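Engineer: Sharing input33.txt below, compact mmCIF, C-alpha atoms:
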```txt
# COMPACT_ATOMS: atom_id res chain seq x y z
CA MET A 1 30.87 16.11 -53.00
CA SER A 2 30.90 15.12 -56.68
CA VAL A 3 32.08 11.73 -57.94
CA SER A 4 35.11 13.40 -59.52
CA GLN A 5 36.17 14.79 -56.11
CA ARG A 6 35.87 11.56 -54.15
CA GLN A 7 38.80 9.34 -53.36
CA PRO A 8 39.00 6.80 -56.18
CA ALA A 9 38.58 3.13 -56.70
CA VAL A 10 42.18 2.12 -57.39
CA VAL A 11 42.69 -0.71 -59.86
CA ILE A 12 46.08 -2.47 -59.82
CA GLY A 13 47.63 -4.51 -62.61
CA THR A 14 50.03 -4.54 -65.53
CA PHE A 15 47.15 -4.65 -68.04
CA ASP A 16 49.37 -5.72 -70.92
CA GLY A 17 47.14 -5.58 -73.99
CA VAL A 18 44.06 -4.47 -72.01
CA HIS A 19 42.29 -7.71 -72.92
CA ARG A 20 38.79 -8.89 -71.99
CA GLY A 21 39.92 -10.10 -68.57
CA HIS A 22 41.41 -6.69 -67.82
CA ARG A 23 38.24 -5.02 -69.04
CA ARG A 24 36.23 -7.08 -66.57
CA VAL A 25 38.34 -5.65 -63.73
CA ILE A 26 37.95 -2.08 -64.99
CA GLU A 27 34.20 -2.51 -65.44
CA ALA A 28 33.91 -3.78 -61.85
CA ALA A 29 35.69 -0.65 -60.64
CA LEU A 30 33.47 1.60 -62.75
CA GLY A 31 30.49 -0.18 -61.25
CA THR A 32 31.35 1.23 -57.82
CA GLY A 33 30.33 4.68 -59.02
CA LEU A 34 33.67 6.07 -57.89
CA ARG A 35 36.28 7.83 -59.98
CA VAL A 36 38.62 5.12 -61.23
CA ARG A 37 42.39 5.37 -61.01
CA VAL A 38 44.51 2.61 -62.54
CA LEU A 39 47.90 1.82 -61.04
CA THR A 40 50.06 0.08 -63.62
CA PHE A 41 53.72 -0.72 -64.21
CA GLU A 42 56.28 -0.02 -66.91
CA PRO A 43 58.34 -1.90 -67.90
CA HIS A 44 56.65 -5.24 -67.32
CA PRO A 45 57.73 -6.48 -63.86
CA ARG A 46 58.65 -9.90 -65.24
CA VAL A 47 61.12 -8.30 -67.67
CA VAL A 48 62.87 -6.43 -64.85
CA LEU A 49 63.03 -9.63 -62.80
CA GLY A 50 64.82 -11.42 -65.64
CA ASN A 51 62.00 -13.13 -67.54
CA PHE A 52 61.63 -11.92 -71.14
CA VAL A 53 58.04 -11.04 -72.00
CA GLU A 54 56.88 -9.67 -75.35
CA ALA A 55 54.54 -6.76 -74.77
CA LEU A 56 51.13 -6.84 -76.44
CA SER A 57 50.91 -3.05 -76.62
CA THR A 58 52.99 0.07 -76.15
CA LEU A 59 52.54 2.07 -72.97
CA GLU A 60 51.01 4.89 -75.04
CA ARG A 61 48.44 2.52 -76.50
CA ARG A 62 47.71 0.96 -73.10
CA LEU A 63 46.92 4.40 -71.68
CA GLU A 64 44.64 5.16 -74.63
CA LEU A 65 42.75 1.90 -74.23
CA LEU A 66 42.29 2.43 -70.49
CA ALA A 67 41.00 5.96 -71.07
CA ASP A 68 38.58 4.64 -73.70
CA LEU A 69 37.10 2.35 -71.04
CA GLY A 70 36.32 5.31 -68.78
CA VAL A 71 39.38 5.36 -66.51
CA ALA A 72 39.79 8.88 -65.11
CA GLU A 73 43.50 8.63 -64.29
CA THR A 74 46.35 6.19 -64.77
CA THR A 75 49.42 6.20 -62.56
CA VAL A 76 52.43 4.54 -64.17
CA VAL A 77 54.91 3.18 -61.65
CA GLU A 78 58.39 2.74 -63.09
CA PHE A 79 59.10 -0.85 -62.09
CA THR A 80 62.67 -1.31 -60.89
CA LEU A 81 64.41 -3.92 -58.78
CA ASP A 82 64.00 -1.57 -55.80
CA VAL A 83 60.24 -1.43 -56.39
CA GLY A 84 60.20 -5.23 -56.62
CA ARG A 85 61.95 -5.44 -53.26
CA LEU A 86 59.35 -3.32 -51.45
CA GLU A 87 57.44 -5.19 -48.79
CA PRO A 88 53.71 -5.21 -49.58
CA GLU A 89 52.99 -2.91 -46.65
CA GLU A 90 55.53 -0.38 -47.97
CA PHE A 91 54.08 -0.55 -51.47
CA ALA A 92 50.56 0.05 -50.16
CA ALA A 93 51.70 2.98 -48.04
CA GLN A 94 53.36 4.60 -51.05
CA HIS A 95 50.74 3.99 -53.73
CA LEU A 96 47.33 3.25 -52.20
CA VAL A 97 46.88 5.99 -49.62
CA ASP A 98 44.03 7.59 -51.61
CA ALA A 99 42.08 4.39 -52.27
CA THR A 100 38.44 4.16 -51.23
CA VAL A 101 38.44 0.60 -52.54
CA VAL A 102 41.16 -1.50 -54.19
CA VAL A 103 40.08 -3.52 -57.22
CA ALA A 104 42.17 -6.27 -58.84
CA GLY A 105 41.98 -9.72 -60.35
CA ALA A 106 41.50 -12.44 -57.77
CA ASP A 107 45.03 -13.79 -58.34
CA PHE A 108 46.83 -10.44 -58.02
CA ARG A 109 50.16 -10.54 -56.17
CA PHE A 110 52.56 -7.74 -55.33
CA GLY A 111 55.55 -6.80 -53.22
CA ARG A 112 58.68 -8.66 -52.23
CA LYS A 113 58.55 -12.33 -53.20
CA ARG A 114 54.93 -11.75 -54.31
CA ARG A 115 53.90 -11.92 -50.65
CA GLY A 116 51.16 -9.34 -51.00
CA ASP A 117 47.64 -10.23 -52.10
CA LEU A 118 44.14 -8.86 -51.70
CA ALA A 119 43.66 -10.64 -48.37
CA LEU A 120 46.70 -8.80 -46.99
CA LEU A 121 45.27 -5.49 -48.18
CA GLU A 122 42.09 -6.27 -46.24
CA GLU A 123 44.21 -6.95 -43.15
CA LEU A 124 45.78 -3.52 -43.67
CA GLY A 125 42.33 -1.95 -43.54
CA TYR A 126 41.56 -1.45 -47.22
CA GLU A 127 38.18 -2.24 -48.70
CA VAL A 128 38.90 -4.78 -51.43
CA LEU A 129 36.93 -5.85 -54.49
CA PRO A 130 38.37 -9.06 -55.99
CA VAL A 131 37.30 -9.76 -59.56
CA PRO A 132 37.07 -13.40 -60.74
CA LEU A 133 39.35 -14.32 -63.61
CA LEU A 134 37.88 -14.70 -67.08
CA GLU A 135 38.53 -18.35 -67.83
CA GLY A 136 40.74 -19.04 -70.82
CA VAL A 137 41.76 -15.40 -71.36
CA SER A 138 45.33 -14.36 -70.58
CA SER A 139 48.15 -12.35 -72.11
CA THR A 140 50.13 -15.60 -72.39
CA GLU A 141 47.41 -17.26 -74.49
CA ILE A 142 47.09 -14.19 -76.69
CA ARG A 143 50.84 -14.32 -77.36
CA ARG A 144 50.54 -17.98 -78.31
CA HIS A 145 47.83 -17.24 -80.84
CA LEU A 146 49.86 -14.41 -82.35
CA HIS A 147 52.99 -16.55 -82.66
CA GLU A 148 50.84 -18.97 -84.67
CA GLY A 149 49.44 -16.18 -86.85
CA ASP A 150 45.96 -16.75 -85.43
CA VAL A 151 44.88 -13.14 -85.21
CA ILE A 152 41.19 -14.10 -85.07
CA GLY A 153 41.80 -16.23 -81.97
CA ALA A 154 43.81 -13.40 -80.41
CA ALA A 155 41.02 -10.92 -81.21
CA ALA A 156 38.47 -13.11 -79.40
CA MET A 157 40.53 -12.77 -76.20
CA LEU A 158 41.46 -9.13 -76.64
CA GLY A 159 37.93 -8.04 -77.46
CA ARG A 160 39.32 -6.22 -80.52
CA PRO A 161 41.81 -7.02 -83.30
CA PRO A 162 45.48 -7.30 -82.31
CA GLU A 163 47.53 -4.24 -83.19
CA LEU A 164 50.96 -3.09 -84.27
CA ASP A 165 51.75 0.44 -83.12
CA GLY A 166 54.70 2.34 -84.51
CA VAL A 167 56.15 5.15 -86.59
CA VAL A 168 56.70 5.14 -90.35
CA VAL A 169 60.37 5.26 -91.34
CA GLY A 170 62.23 5.09 -94.63
CA GLY A 171 62.35 1.75 -96.44
CA ASP A 172 63.41 0.25 -99.76
CA GLN A 173 60.62 2.11 -101.63
CA ARG A 174 60.23 -1.00 -103.75
CA GLY A 175 56.46 -1.13 -103.29
CA GLY A 176 55.98 2.12 -105.15
CA THR A 177 57.70 0.74 -108.23
CA LEU A 178 55.23 -2.17 -108.17
CA GLY A 179 52.23 0.14 -107.91
CA TYR A 180 51.60 -0.58 -104.22
CA PRO A 181 53.57 1.87 -102.05
CA THR A 182 53.91 0.55 -98.53
CA ALA A 183 54.79 2.22 -95.25
CA ASN A 184 57.75 0.77 -93.35
CA LEU A 185 56.58 0.59 -89.73
CA ALA A 186 59.18 0.74 -86.95
CA ILE A 187 57.97 -0.58 -83.61
CA GLU A 188 59.47 -0.53 -80.14
CA PRO A 189 61.83 -3.38 -79.22
CA GLY A 190 60.10 -5.98 -77.09
CA LEU A 191 56.68 -5.66 -78.75
CA ILE A 192 55.23 -8.90 -80.03
CA VAL A 193 55.06 -9.38 -83.80
CA PRO A 194 52.76 -12.10 -85.18
CA ALA A 195 53.91 -14.96 -87.40
CA TYR A 196 55.31 -13.85 -90.74
CA GLY A 197 52.81 -13.61 -93.56
CA ILE A 198 50.36 -11.35 -95.35
CA TYR A 199 47.41 -9.98 -93.39
CA ALA A 200 44.25 -8.02 -94.08
CA GLY A 201 43.43 -5.23 -91.65
CA SER A 202 43.38 -1.50 -91.24
CA ALA A 203 45.66 1.40 -90.31
CA ARG A 204 44.66 4.40 -88.21
CA LEU A 205 46.70 7.55 -88.72
CA ASP A 206 47.64 10.09 -86.07
CA ASP A 207 44.96 12.47 -87.38
CA GLY A 208 42.19 9.89 -86.89
CA GLN A 209 41.90 8.77 -90.51
CA THR A 210 41.45 5.03 -90.97
CA ARG A 211 42.13 3.03 -94.12
CA ARG A 212 41.94 -0.65 -94.88
CA ALA A 213 45.43 -2.06 -95.21
CA ALA A 214 47.13 -5.13 -96.64
CA ILE A 215 50.05 -5.83 -94.32
CA SER A 216 53.23 -7.74 -95.04
CA ILE A 217 55.17 -9.02 -92.02
CA GLY A 218 58.45 -10.76 -92.79
CA THR A 219 61.66 -10.52 -94.76
CA ASN A 220 60.49 -10.06 -98.36
CA PRO A 221 61.88 -13.45 -99.45
CA HIS A 222 61.16 -12.77 -103.13
CA TYR A 223 63.97 -10.20 -102.99
CA GLY A 224 66.21 -12.23 -100.70
CA GLY A 225 65.59 -10.03 -97.69
CA GLU A 226 66.87 -10.95 -94.22
CA GLU A 227 65.70 -8.06 -92.05
CA ARG A 228 62.18 -8.23 -90.65
CA ARG A 229 59.87 -5.59 -92.06
CA ILE A 230 56.31 -4.58 -91.19
CA GLU A 231 54.85 -2.98 -94.32
CA PRO A 232 51.20 -1.92 -94.52
CA TYR A 233 49.78 -0.82 -97.86
CA LEU A 234 46.96 1.64 -97.16
CA LEU A 235 44.13 1.25 -99.64
CA ASP A 236 42.76 4.42 -101.23
CA PHE A 237 45.33 6.64 -99.52
CA ASP A 238 47.52 9.26 -101.12
CA GLY A 239 49.84 11.20 -98.85
CA ASP A 240 53.13 11.35 -97.00
CA LEU A 241 53.37 8.98 -94.04
CA TYR A 242 57.01 9.44 -93.01
CA GLY A 243 57.38 10.19 -89.33
CA ARG A 244 53.72 9.55 -88.57
CA ARG A 245 52.31 7.14 -86.04
CA LEU A 246 50.18 4.27 -87.34
CA VAL A 247 48.10 1.85 -85.28
CA VAL A 248 47.66 -1.17 -87.53
CA GLU A 249 44.91 -3.70 -86.82
CA LEU A 250 45.32 -7.29 -88.03
CA TRP A 251 41.98 -8.82 -89.04
CA LYS A 252 42.86 -11.96 -90.96
CA ARG A 253 45.97 -13.85 -92.07
CA LEU A 254 45.74 -14.24 -95.82
CA ARG A 255 48.79 -16.35 -96.67
CA ASP A 256 52.46 -17.16 -96.07
CA GLU A 257 55.26 -15.12 -97.54
CA GLN A 258 56.50 -16.64 -100.75
CA VAL A 259 59.00 -16.38 -103.63
CA PHE A 260 57.51 -15.89 -107.11
CA ASP A 261 58.82 -16.96 -110.51
CA ASP A 262 58.95 -13.34 -111.62
CA GLU A 263 57.93 -9.85 -110.55
CA GLN A 264 54.73 -10.03 -112.57
CA GLY A 265 53.62 -12.99 -110.48
CA LEU A 266 54.31 -10.97 -107.33
CA VAL A 267 52.29 -7.99 -108.58
CA GLU A 268 49.35 -10.23 -109.50
CA GLN A 269 49.38 -11.80 -106.04
CA ILE A 270 49.51 -8.40 -104.34
CA ALA A 271 46.42 -7.42 -106.37
CA ARG A 272 44.64 -10.52 -105.05
CA ASP A 273 45.73 -9.65 -101.49
CA VAL A 274 44.36 -6.14 -101.88
CA GLU A 275 41.04 -7.47 -103.16
CA ALA A 276 40.86 -9.91 -100.23
CA THR A 277 41.54 -7.00 -97.88
CA ARG A 278 38.64 -5.05 -99.37
CA LYS A 279 36.33 -7.98 -98.61
CA ALA A 280 37.74 -8.85 -95.16
CA ALA A 281 35.54 -8.39 -92.09
CA ARG A 282 36.85 -6.87 -88.88
CA PRO A 283 36.64 -9.47 -86.08
CA ALA A 284 34.25 -8.49 -83.31
```
What would the structure in this file look like if it were written as structure tokens?

Structural biologist:
Amino acid sequence: MSVSQRQPAVVIGTFDGVHRGHRRVIEAALGTGLRVRVLTFEPHPRVVLGNFVEALSTLERRLELLADLGVAETTVVEFTLDVGRLEPEEFAAQHLVDATVVVAGADFRFGRKRRGDLALLEELGYEVLPVPLLEGVSSTEIRRHLHEGDVIGAAAMLGRPPELDGVVVGGDQRGGTLGYPTANLAIEPGLIVPAYGIYAGSARLDDGQTRRAAISIGTNPHYGGEERRIEPYLLDFDGDLYGRRLVVELWKRLRDEQVFDDEQGLVEQIARDVEATRKAARPA
């Protein structure tokens, strides 16, 4: 029987952001030599249970990142209050019947009142592979870094630059009149947005093209704006972006938003931001 035909190693977790700690769990499952199936949840269980949590990535992006790691299949469980009320034994019977081995972080909890853990799964007869936590790495800490605009610190925990994933929609079209046409990126509600400011990074288009990008996150205070905008300017790009998906990486925070004495001062600063973006290094 081939590896692809065997019952899988089932990995359980929310995997918000697919950070380095999550990758450790996936790599442990891959190390079993079995086909790996991830069991994840959408929306975030804590949101359904009444605790607001800003997501680090869209579900679409989470699935892409898991597939990139070598996961053969991802099962997305729609998390509802009824799912949260399942006793651990009921949850296991519904979702883990195919598991050769169950892999999860050592602190994983599931089921009604978080009563289920890996020890309980062993009692139920499952082979269990607990994976030690990666000290200092958590979705909560990544959110803290992003709220402070520290995208380099967030990247160190994620194992890649933090991202903004969305679709280009119509905007004020003011950037084009300044010589720097920007895309107005609409993202899903509930996704985390870093501290306002100007960032250097890149943008990957839905056809695989990648361009360096200078990214403005904020309200355009020079023009008295109040609505938050996410506006990447793609360097060396000429084309129509409306309606297209962009995955924008944030490499470095360049500066705060600011109000200028005149439009010429704004244009000169944008030119400096673009030059800084050309020189910026992608964090490892």

Engineer: Which protein, DNA or RNA residues are at most 8 Å from (56.1, 2.0, -64.4) in the file's coordinates when you count only C-alpha atoms, listed as a PDB file with C-alpha atoms, in the frame of the given file?

Structural biologist:
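Output file point_37.pdb follows:
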```pdb
ATOM      1  CA  THR A  40      50.060   0.080 -63.620  1.00  0.00           C
ATOM      2  CA  PHE A  41      53.720  -0.720 -64.210  1.00  0.00           C
ATOM      3  CA  GLU A  42      56.280  -0.020 -66.910  1.00  0.00           C
ATOM      4  CA  PRO A  43      58.340  -1.900 -67.900  1.00  0.00           C
ATOM      5  CA  HIS A  44      56.650  -5.240 -67.320  1.00  0.00           C
ATOM      6  CA  VAL A  76      52.430   4.540 -64.170  1.00  0.00           C
ATOM      7  CA  VAL A  77      54.910   3.180 -61.650  1.00  0.00           C
ATOM      8  CA  GLU A  78      58.390   2.740 -63.090  1.00  0.00           C
ATOM      9  CA  PHE A  79      59.100  -0.850 -62.090  1.00  0.00           C
TER      10      PHE A  79
END
```

Engineer: Between CA of Glu263 (chain A) and CA of Arg278 (chain A), what is the distance in Å, rounded to a tenth?

Structural biologist: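 It comes out at 22.8 Å.
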
Engineer: May I ask which of the residues A:Val131, A:Glu60, A:Arg23, A:Glu231 is the closest one to Val169 (chain A), counting only C-alpha atoms?

Structural biologist: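 Of A:Val131, A:Glu60, A:Arg23, A:Glu231, the one nearest Val169 (chain A) is A:Glu231, counting only C-alpha atoms.
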
Engineer: With only C-alpha atoms as the counted atoms, please give the residues lying no more than 10 Å from Arg244 (chain A), apart from itself and same-chain residues fewer than 5 positions off, as JSON, numbers by chain.

Structural biologist: {"A": [166, 167, 168, 169, 183, 185, 205, 206, 207]}

Engineer: Hey, can you check how far CA of Pro181 (chain A) sits from CA of Ala155 (chain A)?

Structural biologist: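 So the two atoms, CA of Pro181 (chain A) and CA of Ala155 (chain A), lie 27.5 Å apart.
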
Engineer: With 12 Å as the threshold, what does the neighbourhood of (54.3, -13.8, -56.5) contain in terms of residues, counting only C-alpha atoms? Coordinates are those of the file; answer as an MDAnalysis selection string.

Structural biologist: chainID A and resid 45:46 49 84:85 87:88 107:117

Engineer: Which of these residues is nearest to Lys279 (chain A), using only C-alpha atoms: A:Val10, A:Ala213, A:Leu234, A:Leu34?

Structural biologist: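 The answer is A:Ala213, which sits nearest to Lys279 (chain A).
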
Engineer: Calculate how many Å separate CA of Glu141 (chain A) from CA of Gly31 (chain A), rounding to one decimal.

Structural biologist: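 CA of Gly31 (chain A) lies 27.4 Å from CA of Glu141 (chain A).
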
Engineer: For a quick check of understanding, using all atoms listed in the file, which of A:Ala55, A:Met157, A:Ile217, A:Leu65 has the smallest distance to Gly190 (chain A)?

Structural biologist: A:Ala55
